[in-house]
Protein chains: 2
Amino acid sequence: MPSYGAGMSTDRAADFAALHDSETPLLLPNAWDYASGAALVAAGFAAIGTTSMGVAAAHGWADARGQGRDETVALAHRLVPLPCPVTVDIEAGFSTDAGEVADLAVELADSGVAGINIEDGRTGDTLADPHCQATLLATVKARAPRLFLNARIDTHWLTENPPPVAQTLARAKRYTEAGADGIFVPGLSADADIGALVTTTPAPINLLCSPRRTVDHLADLGVRRISTGSLLFRAALHAAVAAAEAVRDGQPIAEGVPGYTETQRLIGTEVR
Amino acid sequence: MPSYGAGMSTDRAADFAALHDSETPLLLPNAWDYASGAALVAAGFAAIGTTSMGVAAAHGWADARGQGRDETVALAHRLVPLPCPVTVDIEAGFSTDAGEVADLAVELADSGVAGINIEDGRTGDTLADPHCQATLLATVKARAPRLFLNARIDTHWLTENPPPVAQTLARAKRYTEAGADGIFVPGLSADADIGALVTTTPAPINLLCSPRRTVDHLADLGVRRISTGSLLFRAALHAAVAAAEAVRDGQPIAEGVPGYTETQRLIGTEVR
């Protein structure tokens with residue numbers, strides 16, 4: 001696998017930002033370990049993100065509990081040699097202290113990471129005060145200005161009764177004024193709400209894919225970045241169990257699974 | 001998820017050894033992280049192994065290069081709280097020194113691991129001298145007598161022209177005399193060779209599953225343990241990329257993929 005820079009500039013953050021301005025939205029698949037990242041790059045995706053749920057689950061703890069700072073940094077270090085920009089999901093920053101979150105952002109930027117995601121959801125399914133979150137984002141942006149700072153708004157995330165979208169729009173306004181380069185609202189699903197967010201927010205809008213929200217449909221609404229979130233991790237977990245059950249039951253394995261040698265070649269030693 | 005011991009004895013090594021003597025062969029699925037292990041246990045498998053290829057690839061290096069001792073131990077620590085016996089693939093032991101390999105075996109046994117796999121393949125696709133390997137196995141068995149010691153013979157592994165099976169049988173004899181509790185020969189495929197190995201070896205025989213070697217067929221030949229090796233890891237990797245490509249192409253995702261909440265529940269906090 002070629003190293004970063006082959007056929008691209010060597011400025012990963014600029015390359016990554018530019019992917020939000022291309023003709024079609026950036027489809028960003030989310031990896032949780034080196035192998036998933038390498039396989040997605042080999043499949044031709046232009047950039048990769050990470051999924052905090054996948055990273056947390058791989059290590060044995062639940063998502064969004066503020067665990068896993070060290071493991072998230074270790075994963076970033078493994079992924080940056082891949083020949084594409086990498087953006088890292090740091091949940092809420094693994095700290096309640098804005099300076100410590102900024103330290104993490106600087107550490108990631110120095111390691112070659114192109115972008116980060118910071119969410120305003122907090123443990124216990126609460127939301128950060130929007131003013132405090134804007135201050136946090138401004139602190140991070142000041143310390144790591146080159147990183148593409150994607151601010152996640154959790155008003156519609158895992159919420160059966162989301163608040164009026166006006167609250168989401170207000171947060172998007174605050175966060176972009178604080179320096180966010182992109183706004184990510186997982187769970188936002190009504191076309192009118194998505195359209196309003198796109199229209200009122202000066203930064204690119206990022207949504208999660210879903211069966212009801214195809215890439216083409218979201219592109220038509222003006223969405224600039226579409227993430228897979230934990231979907232790929234969950235699909236992988238499901239396929240592993242299904243393969244074990246197929247062996248147990250004497251059933252055929254799913255078609256197209258790469259062999260041992262092919263997989264070794266994918267991981268390779270060229271990149272490391 | 002219940003903790004280990006619910007409905008079983010608390011002697012994991014004894015429980016694991018007994019699984020090699022039950023009516024049907026032990027089908028042992030191989031995990032590479034906590035999530036894959038937890039999902040396989042939740043699916044009802046009686047024990048789980050690890051796959052060194054999966055562990056290596058997840059961390060960004062090729063299999064069987066002797067890297068990953070710390071990561072292998074860390075994974076073992078994550079898996080042992082699961083409510084089933086766990087056996088760990090330690091490749092060739094991550095050291096050329098028998099005492100250091102035995103140190104690792106003791107460390108794993110002390111952490112609650114029920115068994116280990118040690119292979120006689122060496123970097124560069126060579127095989128260990130059988131006498132030296134027997135000495136290594138004897139050293140490990142003396143220091144960690146309770147661990148189920150599965151000795152892997154790599155005569156038929158990734159070899160287009162394997163040596164006569166007599167060499168495999170001779171190694172199996174040496175290794176069991178040195179204290180191996182089981183013999184694992186990945187790649188052995190001719191029924192006559194499998195039958196000869198089963199007949200001449202006093203320990204349970206372990207083979208890899210394959211489309212040509214179903215569980216029922218191997219059971220008929222007298223095989224007592226059937227591993228999935230890196231198959232589940234490779235199936236997972238393939239499914240992740242396939243899901244990303246389906247999103248990109250507006251195609252439906254594979255059926256049965258668990259949702260975010262269901263997956264969070266699987267990982268849970270009960271076990272940790």
# chains A, B, ... in the order shown; residues from 1 in each chain; ligands from 1
>>> residues_around(residues="segment 135-149 of chain B", least_positions_apart="4", cutoff="8 Å", atoms="only C-alpha atoms", output="PDB file with N, CA and C atoms, in the first residue's frame")
ATOM      1  N   ALA B  13      -9.662 -24.617  33.423  1.00  0.00           N
ATOM      2  CA  ALA B  13      -8.808 -25.537  32.673  1.00  0.00           C
ATOM      3  C   ALA B  13      -9.440 -26.925  32.617  1.00  0.00           C
ATOM      4  N   ALA B  14     -10.005 -27.372  33.753  1.00  0.00           N
ATOM      5  CA  ALA B  14     -10.667 -28.685  33.769  1.00  0.00           C
ATOM      6  C   ALA B  14     -11.908 -28.672  32.886  1.00  0.00           C
ATOM      7  N   PHE B  16     -12.375 -26.825  30.329  1.00  0.00           N
ATOM      8  CA  PHE B  16     -11.938 -26.762  28.933  1.00  0.00           C
ATOM      9  C   PHE B  16     -11.444 -28.128  28.462  1.00  0.00           C
ATOM     10  N   ALA B  17     -10.659 -28.799  29.279  1.00  0.00           N
ATOM     11  CA  ALA B  17     -10.177 -30.138  28.910  1.00  0.00           C
ATOM     12  C   ALA B  17     -11.355 -31.075  28.671  1.00  0.00           C
ATOM     13  N   ALA B  98      12.912 -20.767  25.954  1.00  0.00           N
ATOM     14  CA  ALA B  98      11.845 -21.593  26.528  1.00  0.00           C
ATOM     15  C   ALA B  98      11.374 -21.045  27.883  1.00  0.00           C
ATOM     16  N   GLY B  99      12.303 -20.520  28.655  1.00  0.00           N
ATOM     17  CA  GLY B  99      11.930 -19.967  29.959  1.00  0.00           C
ATOM     18  C   GLY B  99      11.007 -18.764  29.817  1.00  0.00           C
ATOM     19  N   VAL B 101       8.989 -18.203  27.277  1.00  0.00           N
ATOM     20  CA  VAL B 101       7.687 -18.704  26.819  1.00  0.00           C
ATOM     21  C   VAL B 101       6.907 -19.269  28.012  1.00  0.00           C
ATOM     22  N   ALA B 102       7.610 -19.970  28.885  1.00  0.00           N
ATOM     23  CA  ALA B 102       6.953 -20.510  30.089  1.00  0.00           C
ATOM     24  C   ALA B 102       6.481 -19.380  31.001  1.00  0.00           C
ATOM     25  N   ASP B 103       7.259 -18.303  31.088  1.00  0.00           N
ATOM     26  CA  ASP B 103       6.818 -17.132  31.872  1.00  0.00           C
ATOM     27  C   ASP B 103       5.479 -16.628  31.358  1.00  0.00           C
ATOM     28  N   ALA B 105       3.240 -18.343  29.679  1.00  0.00           N
ATOM     29  CA  ALA B 105       2.199 -19.342  29.986  1.00  0.00           C
ATOM     30  C   ALA B 105       1.729 -19.194  31.437  1.00  0.00           C
ATOM     31  N   VAL B 106       2.665 -18.994  32.345  1.00  0.00           N
ATOM     32  CA  VAL B 106       2.313 -18.831  33.763  1.00  0.00           C
ATOM     33  C   VAL B 106       1.475 -17.560  33.945  1.00  0.00           C
ATOM     34  N   ALA B 109      -1.977 -18.310  32.667  1.00  0.00           N
ATOM     35  CA  ALA B 109      -2.688 -19.218  33.576  1.00  0.00           C
ATOM     36  C   ALA B 109      -3.146 -18.466  34.823  1.00  0.00           C
ATOM     37  N   VAL B 113      -6.759 -17.859  32.170  1.00  0.00           N
ATOM     38  CA  VAL B 113      -6.834 -18.511  30.867  1.00  0.00           C
ATOM     39  C   VAL B 113      -6.838 -20.028  31.067  1.00  0.00           C
ATOM     40  N   ALA B 114      -7.597 -20.750  30.214  1.00  0.00           N
ATOM     41  CA  ALA B 114      -7.736 -22.204  30.373  1.00  0.00           C
ATOM     42  C   ALA B 114      -6.766 -22.991  29.504  1.00  0.00           C
ATOM     43  N   GLY B 115      -6.297 -22.397  28.417  1.00  0.00           N
ATOM     44  CA  GLY B 115      -5.417 -23.126  27.514  1.00  0.00           C
ATOM     45  C   GLY B 115      -4.606 -22.186  26.643  1.00  0.00           C
ATOM     46  N   ILE B 116      -3.574 -22.733  26.029  1.00  0.00           N
ATOM     47  CA  ILE B 116      -2.774 -21.965  25.069  1.00  0.00           C
ATOM     48  C   ILE B 116      -2.455 -22.841  23.863  1.00  0.00           C
ATOM     49  N   ASN B 117      -2.163 -22.171  22.760  1.00  0.00           N
ATOM     50  CA  ASN B 117      -1.655 -22.798  21.533  1.00  0.00           C
ATOM     51  C   ASN B 117      -0.225 -22.362  21.323  1.00  0.00           C
ATOM     52  N   ILE B 118       0.660 -23.298  21.068  1.00  0.00           N
ATOM     53  CA  ILE B 118       2.043 -22.946  20.708  1.00  0.00           C
ATOM     54  C   ILE B 118       2.374 -23.641  19.395  1.00  0.00           C
ATOM     55  N   HIS B 131      13.028 -31.707  18.314  1.00  0.00           N
ATOM     56  CA  HIS B 131      13.564 -31.948  19.653  1.00  0.00           C
ATOM     57  C   HIS B 131      13.525 -30.667  20.490  1.00  0.00           C
ATOM     58  N   TYR B 175       5.655 -34.392  20.783  1.00  0.00           N
ATOM     59  CA  TYR B 175       5.026 -33.290  21.526  1.00  0.00           C
ATOM     60  C   TYR B 175       4.109 -33.824  22.625  1.00  0.00           C
ATOM     61  N   ALA B 178       6.137 -34.937  25.409  1.00  0.00           N
ATOM     62  CA  ALA B 178       6.672 -33.785  26.153  1.00  0.00           C
ATOM     63  C   ALA B 178       5.616 -33.127  27.026  1.00  0.00           C
ATOM     64  N   GLY B 179       4.359 -33.559  26.884  1.00  0.00           N
ATOM     65  CA  GLY B 179       3.322 -33.011  27.761  1.00  0.00           C
ATOM     66  C   GLY B 179       2.200 -32.264  27.078  1.00  0.00           C
ATOM     67  N   ALA B 180       2.218 -32.210  25.750  1.00  0.00           N
ATOM     68  CA  ALA B 180       1.122 -31.525  25.050  1.00  0.00           C
ATOM     69  C   ALA B 180      -0.198 -32.248  25.332  1.00  0.00           C
ATOM     70  N   ASP B 181      -1.245 -31.466  25.606  1.00  0.00           N
ATOM     71  CA  ASP B 181      -2.577 -32.028  25.883  1.00  0.00           C
ATOM     72  C   ASP B 181      -3.409 -32.184  24.624  1.00  0.00           C
ATOM     73  N   GLY B 182      -2.995 -31.538  23.545  1.00  0.00           N
ATOM     74  CA  GLY B 182      -3.713 -31.615  22.280  1.00  0.00           C
ATOM     75  C   GLY B 182      -2.752 -31.335  21.149  1.00  0.00           C
TER      76      GLY B 182
END
>>> closest_atom_pairs(of="segment 160-243 of chain A", to="segment 29-43 of chain A", cutoff="8 Å", atoms="only C-alpha atoms", output="Markdown table")
| residue | atom | partner | partner_atom | distance |
| --- | --- | --- | --- | --- |
| A:Ser227 | CA | A:Pro29 | CA | 5.9 |
| A:Thr228 | CA | A:Pro29 | CA | 5.3 |
| A:Gly229 | CA | A:Asn30 | CA | 5.9 |
| A:Ser230 | CA | A:Asn30 | CA | 7.0 |
| A:Leu232 | CA | A:Asn30 | CA | 6.9 |
| A:Phe233 | CA | A:Trp32 | CA | 7.2 |
>>> write_last_selection(atoms="N, CA, C and O atoms", output="PDB file, in the first residue's frame")
ATOM      1  N   SER A 227     -21.447   9.858   7.378  1.00  0.00           N
ATOM      2  CA  SER A 227     -20.661   8.902   8.152  1.00  0.00           C
ATOM      3  C   SER A 227     -21.432   7.607   8.325  1.00  0.00           C
ATOM      4  O   SER A 227     -22.657   7.588   8.345  1.00  0.00           O
ATOM      5  N   THR A 228     -20.673   6.525   8.487  1.00  0.00           N
ATOM      6  CA  THR A 228     -21.313   5.237   8.740  1.00  0.00           C
ATOM      7  C   THR A 228     -21.446   4.961  10.235  1.00  0.00           C
ATOM      8  O   THR A 228     -22.106   3.995  10.619  1.00  0.00           O
ATOM      9  N   GLY A 229     -20.809   5.780  11.077  1.00  0.00           N
ATOM     10  CA  GLY A 229     -20.913   5.575  12.519  1.00  0.00           C
ATOM     11  C   GLY A 229     -20.437   4.184  12.899  1.00  0.00           C
ATOM     12  O   GLY A 229     -19.422   3.701  12.397  1.00  0.00           O
ATOM     13  N   SER A 230     -21.216   3.529  13.745  1.00  0.00           N
ATOM     14  CA  SER A 230     -20.828   2.182  14.203  1.00  0.00           C
ATOM     15  C   SER A 230     -21.338   1.076  13.285  1.00  0.00           C
ATOM     16  O   SER A 230     -21.148  -0.104  13.578  1.00  0.00           O
ATOM     17  N   LEU A 232     -20.443  -0.214  10.378  1.00  0.00           N
ATOM     18  CA  LEU A 232     -19.491  -1.187   9.836  1.00  0.00           C
ATOM     19  C   LEU A 232     -19.001  -2.124  10.943  1.00  0.00           C
ATOM     20  O   LEU A 232     -18.844  -3.328  10.733  1.00  0.00           O
ATOM     21  N   PHE A 233     -18.777  -1.560  12.129  1.00  0.00           N
ATOM     22  CA  PHE A 233     -18.359  -2.388  13.265  1.00  0.00           C
ATOM     23  C   PHE A 233     -19.443  -3.412  13.601  1.00  0.00           C
ATOM     24  O   PHE A 233     -19.154  -4.589  13.829  1.00  0.00           O
TER      25      PHE A 233
END
>>> closest_atom_pairs(of="chain A", to="chain B", cutoff="7 Å", atoms="only C-alpha atoms", output="tab-separated table")
residue	atom	partner	partner_atom	distance
A:Leu27	CA	B:Arg248	CA	6.9
A:Pro29	CA	B:Ala244	CA	6.2
A:Asp33	CA	B:Ala58	CA	5.1
A:Tyr34	CA	B:Ala58	CA	5.0
A:Ala35	CA	B:Ala58	CA	4.9
A:Ser36	CA	B:Leu237	CA	6.1
A:Ala39	CA	B:Val241	CA	6.8
A:Leu40	CA	B:Val241	CA	5.9
A:Ala57	CA	B:Ala35	CA	5.3
A:Ala58	CA	B:Ala35	CA	4.9
A:His59	CA	B:Tyr34	CA	5.5
A:Gly60	CA	B:Tyr34	CA	5.1
A:Trp61	CA	B:Ile267	CA	6.4
A:Ala62	CA	B:Gln264	CA	5.9
A:Arg78	CA	B:Gly60	CA	6.6
A:Thr214	CA	B:Gly250	CA	5.9
A:Val215	CA	B:Arg248	CA	6.6
A:Leu232	CA	B:Ala240	CA	4.6
A:Phe233	CA	B:Ala240	CA	6.5
A:Arg234	CA	B:Val257	CA	6.2
A:Ala235	CA	B:Val257	CA	5.4
A:Ala236	CA	B:Ala236	CA	3.9
A:Leu237	CA	B:Ser36	CA	6.1
A:His238	CA	B:Val257	CA	5.7
A:Ala239	CA	B:Ala236	CA	5.2
A:Ala240	CA	B:Leu232	CA	4.5
A:Val241	CA	B:Leu40	CA	5.9
A:Ala243	CA	B:Leu232	CA	6.0
A:Ala244	CA	B:Pro29	CA	6.2
A:Arg248	CA	B:Val215	CA	6.7
A:Gly250	CA	B:Thr214	CA	6.0
A:Val257	CA	B:Ala235	CA	5.4
A:Pro258	CA	B:Arg234	CA	6.3
A:Gln264	CA	B:Ala62	CA	5.9
A:Ile267	CA	B:Ala57	CA	6.1
A:Gly268	CA	B:Ala62	CA	6.1
A:Thr269	CA	B:Trp61	CA	6.6
>>> write_last_selection(atoms="N, CA and C atoms", output="mmCIF file, in the first residue's frame")
data_model
loop_
_atom_site.group_PDB
_atom_site.id
_atom_site.type_symbol
_atom_site.label_atom_id
_atom_site.label_comp_id
_atom_site.auth_asym_id
_atom_site.auth_seq_id
_atom_site.Cartn_x
_atom_site.Cartn_y
_atom_site.Cartn_z
ATOM 1 N N LEU A 27 -18.234 10.438 1.633
ATOM 2 C CA LEU A 27 -18.740 9.273 2.359
ATOM 3 C C LEU A 27 -17.597 8.764 3.233
ATOM 4 N N PRO A 29 -16.274 6.241 5.882
ATOM 5 C CA PRO A 29 -16.472 4.995 6.631
ATOM 6 C C PRO A 29 -15.650 5.029 7.912
ATOM 7 N N ASP A 33 -10.041 -0.431 14.127
ATOM 8 C CA ASP A 33 -8.703 -0.970 14.340
ATOM 9 C C ASP A 33 -7.925 -0.783 13.044
ATOM 10 N N TYR A 34 -6.654 -1.194 13.062
ATOM 11 C CA TYR A 34 -5.851 -0.978 11.866
ATOM 12 C C TYR A 34 -6.403 -1.742 10.673
ATOM 13 N N ALA A 35 -6.805 -2.986 10.889
ATOM 14 C CA ALA A 35 -7.241 -3.827 9.770
ATOM 15 C C ALA A 35 -8.463 -3.246 9.079
ATOM 16 N N SER A 36 -9.448 -2.803 9.859
ATOM 17 C CA SER A 36 -10.650 -2.244 9.232
ATOM 18 C C SER A 36 -10.290 -0.972 8.460
ATOM 19 N N ALA A 39 -8.450 -2.004 5.219
ATOM 20 C CA ALA A 39 -9.360 -2.625 4.252
ATOM 21 C C ALA A 39 -10.227 -1.559 3.579
ATOM 22 N N LEU A 40 -10.659 -0.554 4.334
ATOM 23 C CA LEU A 40 -11.492 0.506 3.761
ATOM 24 C C LEU A 40 -10.683 1.369 2.797
ATOM 25 N N ALA A 57 -15.975 -0.973 22.315
ATOM 26 C CA ALA A 57 -16.436 -2.360 22.374
ATOM 27 C C ALA A 57 -15.281 -3.339 22.183
ATOM 28 N N ALA A 58 -14.354 -2.991 21.296
ATOM 29 C CA ALA A 58 -13.207 -3.876 21.069
ATOM 30 C C ALA A 58 -12.415 -4.058 22.359
ATOM 31 N N HIS A 59 -12.434 -3.029 23.209
ATOM 32 C CA HIS A 59 -11.669 -3.083 24.462
ATOM 33 C C HIS A 59 -12.511 -3.516 25.659
ATOM 34 N N GLY A 60 -13.824 -3.682 25.438
ATOM 35 C CA GLY A 60 -14.630 -4.254 26.507
ATOM 36 C C GLY A 60 -15.363 -3.265 27.379
ATOM 37 N N TRP A 61 -15.570 -2.072 26.897
ATOM 38 C CA TRP A 61 -16.395 -1.164 27.676
ATOM 39 C C TRP A 61 -17.428 -0.509 26.768
ATOM 40 N N ALA A 62 -18.445 0.056 27.383
ATOM 41 C CA ALA A 62 -19.527 0.660 26.616
ATOM 42 C C ALA A 62 -19.085 2.002 26.038
ATOM 43 N N ARG A 78 -1.775 4.214 14.678
ATOM 44 C CA ARG A 78 -1.721 3.090 13.740
ATOM 45 C C ARG A 78 -2.298 3.469 12.377
ATOM 46 N N THR A 214 -30.439 7.702 2.121
ATOM 47 C CA THR A 214 -29.365 7.274 1.224
ATOM 48 C C THR A 214 -28.433 8.447 0.938
ATOM 49 N N VAL A 215 -27.269 8.098 0.420
ATOM 50 C CA VAL A 215 -26.270 9.113 0.078
ATOM 51 C C VAL A 215 -26.858 10.105 -0.925
ATOM 52 N N LEU A 232 -20.443 -0.214 10.378
ATOM 53 C CA LEU A 232 -19.491 -1.187 9.836
ATOM 54 C C LEU A 232 -19.001 -2.124 10.943
ATOM 55 N N PHE A 233 -18.777 -1.560 12.129
ATOM 56 C CA PHE A 233 -18.359 -2.388 13.265
ATOM 57 C C PHE A 233 -19.443 -3.412 13.601
ATOM 58 N N ARG A 234 -20.684 -2.965 13.614
ATOM 59 C CA ARG A 234 -21.787 -3.871 13.947
ATOM 60 C C ARG A 234 -21.964 -4.938 12.853
ATOM 61 N N ALA A 235 -21.769 -4.530 11.585
ATOM 62 C CA ALA A 235 -21.861 -5.504 10.485
ATOM 63 C C ALA A 235 -20.750 -6.548 10.607
ATOM 64 N N ALA A 236 -19.562 -6.108 11.020
ATOM 65 C CA ALA A 236 -18.434 -7.026 11.180
ATOM 66 C C ALA A 236 -18.710 -8.028 12.294
ATOM 67 N N LEU A 237 -19.199 -7.524 13.409
ATOM 68 C CA LEU A 237 -19.490 -8.384 14.560
ATOM 69 C C LEU A 237 -20.538 -9.432 14.171
ATOM 70 N N HIS A 238 -21.556 -8.982 13.467
ATOM 71 C CA HIS A 238 -22.613 -9.883 13.036
ATOM 72 C C HIS A 238 -22.072 -10.948 12.091
ATOM 73 N N ALA A 239 -21.195 -10.553 11.176
ATOM 74 C CA ALA A 239 -20.651 -11.502 10.199
ATOM 75 C C ALA A 239 -19.758 -12.539 10.869
ATOM 76 N N ALA A 240 -19.034 -12.129 11.905
ATOM 77 C CA ALA A 240 -18.163 -13.072 12.614
ATOM 78 C C ALA A 240 -18.996 -14.172 13.256
ATOM 79 N N VAL A 241 -20.061 -13.779 13.945
ATOM 80 C CA VAL A 241 -20.918 -14.769 14.599
ATOM 81 C C VAL A 241 -21.624 -15.630 13.546
ATOM 82 N N ALA A 243 -20.555 -16.449 10.629
ATOM 83 C CA ALA A 243 -19.598 -17.407 10.057
ATOM 84 C C ALA A 243 -19.387 -18.578 11.015
ATOM 85 N N ALA A 244 -19.284 -18.279 12.311
ATOM 86 C CA ALA A 244 -19.106 -19.360 13.296
ATOM 87 C C ALA A 244 -20.330 -20.279 13.311
ATOM 88 N N ARG A 248 -20.604 -24.286 12.384
ATOM 89 C CA ARG A 248 -21.252 -25.211 13.319
ATOM 90 C C ARG A 248 -22.361 -26.011 12.637
ATOM 91 N N GLY A 250 -22.802 -26.572 9.376
ATOM 92 C CA GLY A 250 -22.496 -27.162 8.072
ATOM 93 C C GLY A 250 -23.038 -26.368 6.901
ATOM 94 N N VAL A 257 -15.246 -13.774 1.167
ATOM 95 C CA VAL A 257 -14.352 -13.580 2.314
ATOM 96 C C VAL A 257 -12.913 -13.814 1.847
ATOM 97 N N PRO A 258 -12.019 -12.851 2.094
ATOM 98 C CA PRO A 258 -10.642 -13.021 1.610
ATOM 99 C C PRO A 258 -9.933 -14.149 2.361
ATOM 100 N N GLN A 264 -3.227 -11.201 4.864
ATOM 101 C CA GLN A 264 -1.867 -10.844 5.296
ATOM 102 C C GLN A 264 -1.299 -9.761 4.370
ATOM 103 N N ILE A 267 -2.760 -6.318 5.164
ATOM 104 C CA ILE A 267 -2.143 -5.707 6.340
ATOM 105 C C ILE A 267 -0.716 -5.318 6.017
ATOM 106 N N GLY A 268 -0.041 -6.241 5.320
ATOM 107 C CA GLY A 268 1.273 -5.967 4.753
ATOM 108 C C GLY A 268 2.299 -5.519 5.764
ATOM 109 N N THR A 269 3.460 -5.253 5.276
ATOM 110 C CA THR A 269 4.493 -4.654 6.118
ATOM 111 C C THR A 269 4.957 -3.368 5.475
#
>>> select_by_dssp(residues="segment 100-222 of chain B", states="strand (DSSP E or B)", output="PyMOL selection string")
chain B and resi 115-119+121-122+126-127+148-152+182-184+205-208+210+213
>>> select_by_dssp(residues="segment 76-240 of chain A", states="helix (DSSP H, G or I)", output="VMD selection string")
chain A and resid 76 to 79 98 to 110 130 to 143 154 to 156 165 to 177 191 to 200 215 to 220 231 to 240
>>> atom_distance(atom1="atom CA of Asp89 of chain A", atom2="atom CA of Thr72 of chain A")
8.1 Å
>>> atom_distance(atom1="atom CA of Leu208 of chain B", atom2="atom CA of Val223 of chain B")
10.2 Å
>>> residues_around(residues="Gln167 of chain B", least_positions_apart="5", cutoff="10 Å", atoms="only C-alpha atoms", output="VMD selection string")
chain B and resid 130 153 155 162 172 to 173
>>> write_last_selection(atoms="C-alpha atoms", output="short mmCIF file (atom, residue, chain, number, x, y, z; two decimals), in the first residue's frame")
data_model
loop_
_atom_site.label_atom_id
_atom_site.label_comp_id
_atom_site.auth_asym_id
_atom_site.auth_seq_id
_atom_site.Cartn_x
_atom_site.Cartn_y
_atom_site.Cartn_z
CA PRO B 130 11.26 -31.12 16.74
CA ILE B 153 2.40 -28.61 14.00
CA THR B 155 4.11 -29.10 8.48
CA PRO B 162 3.86 -30.60 2.59
CA ALA B 172 2.82 -35.36 17.31
CA LYS B 173 4.41 -38.28 19.18
#
>>> closest_atom_pairs(of="segment 92-183 of chain B", to="segment 193-201 of chain B", cutoff="9 Å", atoms="only C-alpha atoms", output="CSV")
residue,atom,partner,partner_atom,distance
B:Val165,CA,B:Asp193,CA,6.5
B:Ala166,CA,B:Asp193,CA,8.9
B:Thr168,CA,B:Leu197,CA,8.0
B:Leu169,CA,B:Leu197,CA,6.0
B:Ala172,CA,B:Thr201,CA,6.6
B:Lys173,CA,B:Thr201,CA,6.4
B:Thr176,CA,B:Thr201,CA,7.6
B:Ile183,CA,B:Thr201,CA,8.2
>>> write_last_selection(atoms="N, CA, C and O atoms", output="PDB file, in the first residue's frame")
ATOM      1  N   VAL B 165       3.388 -37.264   5.665  1.00  0.00           N
ATOM      2  CA  VAL B 165       2.675 -37.128   6.929  1.00  0.00           C
ATOM      3  C   VAL B 165       3.409 -37.833   8.068  1.00  0.00           C
ATOM      4  O   VAL B 165       3.201 -37.515   9.235  1.00  0.00           O
ATOM      5  N   ALA B 166       4.304 -38.757   7.718  1.00  0.00           N
ATOM      6  CA  ALA B 166       5.083 -39.437   8.760  1.00  0.00           C
ATOM      7  C   ALA B 166       5.815 -38.424   9.640  1.00  0.00           C
ATOM      8  O   ALA B 166       5.950 -38.612  10.856  1.00  0.00           O
ATOM      9  N   THR B 168       4.779 -35.442  10.373  1.00  0.00           N
ATOM     10  CA  THR B 168       3.767 -34.864  11.254  1.00  0.00           C
ATOM     11  C   THR B 168       3.473 -35.811  12.420  1.00  0.00           C
ATOM     12  O   THR B 168       3.395 -35.386  13.585  1.00  0.00           O
ATOM     13  N   LEU B 169       3.306 -37.095  12.094  1.00  0.00           N
ATOM     14  CA  LEU B 169       3.008 -38.083  13.140  1.00  0.00           C
ATOM     15  C   LEU B 169       4.164 -38.162  14.147  1.00  0.00           C
ATOM     16  O   LEU B 169       3.936 -38.267  15.361  1.00  0.00           O
ATOM     17  N   ALA B 172       3.941 -35.201  16.382  1.00  0.00           N
ATOM     18  CA  ALA B 172       2.817 -35.361  17.312  1.00  0.00           C
ATOM     19  C   ALA B 172       3.214 -36.287  18.470  1.00  0.00           C
ATOM     20  O   ALA B 172       2.873 -36.047  19.632  1.00  0.00           O
ATOM     21  N   LYS B 173       3.955 -37.337  18.159  1.00  0.00           N
ATOM     22  CA  LYS B 173       4.405 -38.284  19.184  1.00  0.00           C
ATOM     23  C   LYS B 173       5.355 -37.587  20.164  1.00  0.00           C
ATOM     24  O   LYS B 173       5.176 -37.659  21.387  1.00  0.00           O
ATOM     25  N   THR B 176       3.398 -34.910  22.331  1.00  0.00           N
ATOM     26  CA  THR B 176       2.542 -35.460  23.401  1.00  0.00           C
ATOM     27  C   THR B 176       3.407 -36.071  24.501  1.00  0.00           C
ATOM     28  O   THR B 176       3.096 -35.940  25.686  1.00  0.00           O
ATOM     29  N   ILE B 183      -3.091 -31.800  19.951  1.00  0.00           N
ATOM     30  CA  ILE B 183      -2.250 -31.602  18.763  1.00  0.00           C
ATOM     31  C   ILE B 183      -3.111 -30.953  17.686  1.00  0.00           C
ATOM     32  O   ILE B 183      -4.210 -31.435  17.376  1.00  0.00           O
TER      33      ILE B 183
END
>>> atom_distance(atom1="atom CA of Gly222 of chain A", atom2="atom CA of Gly112 of chain A")
29.2 Å
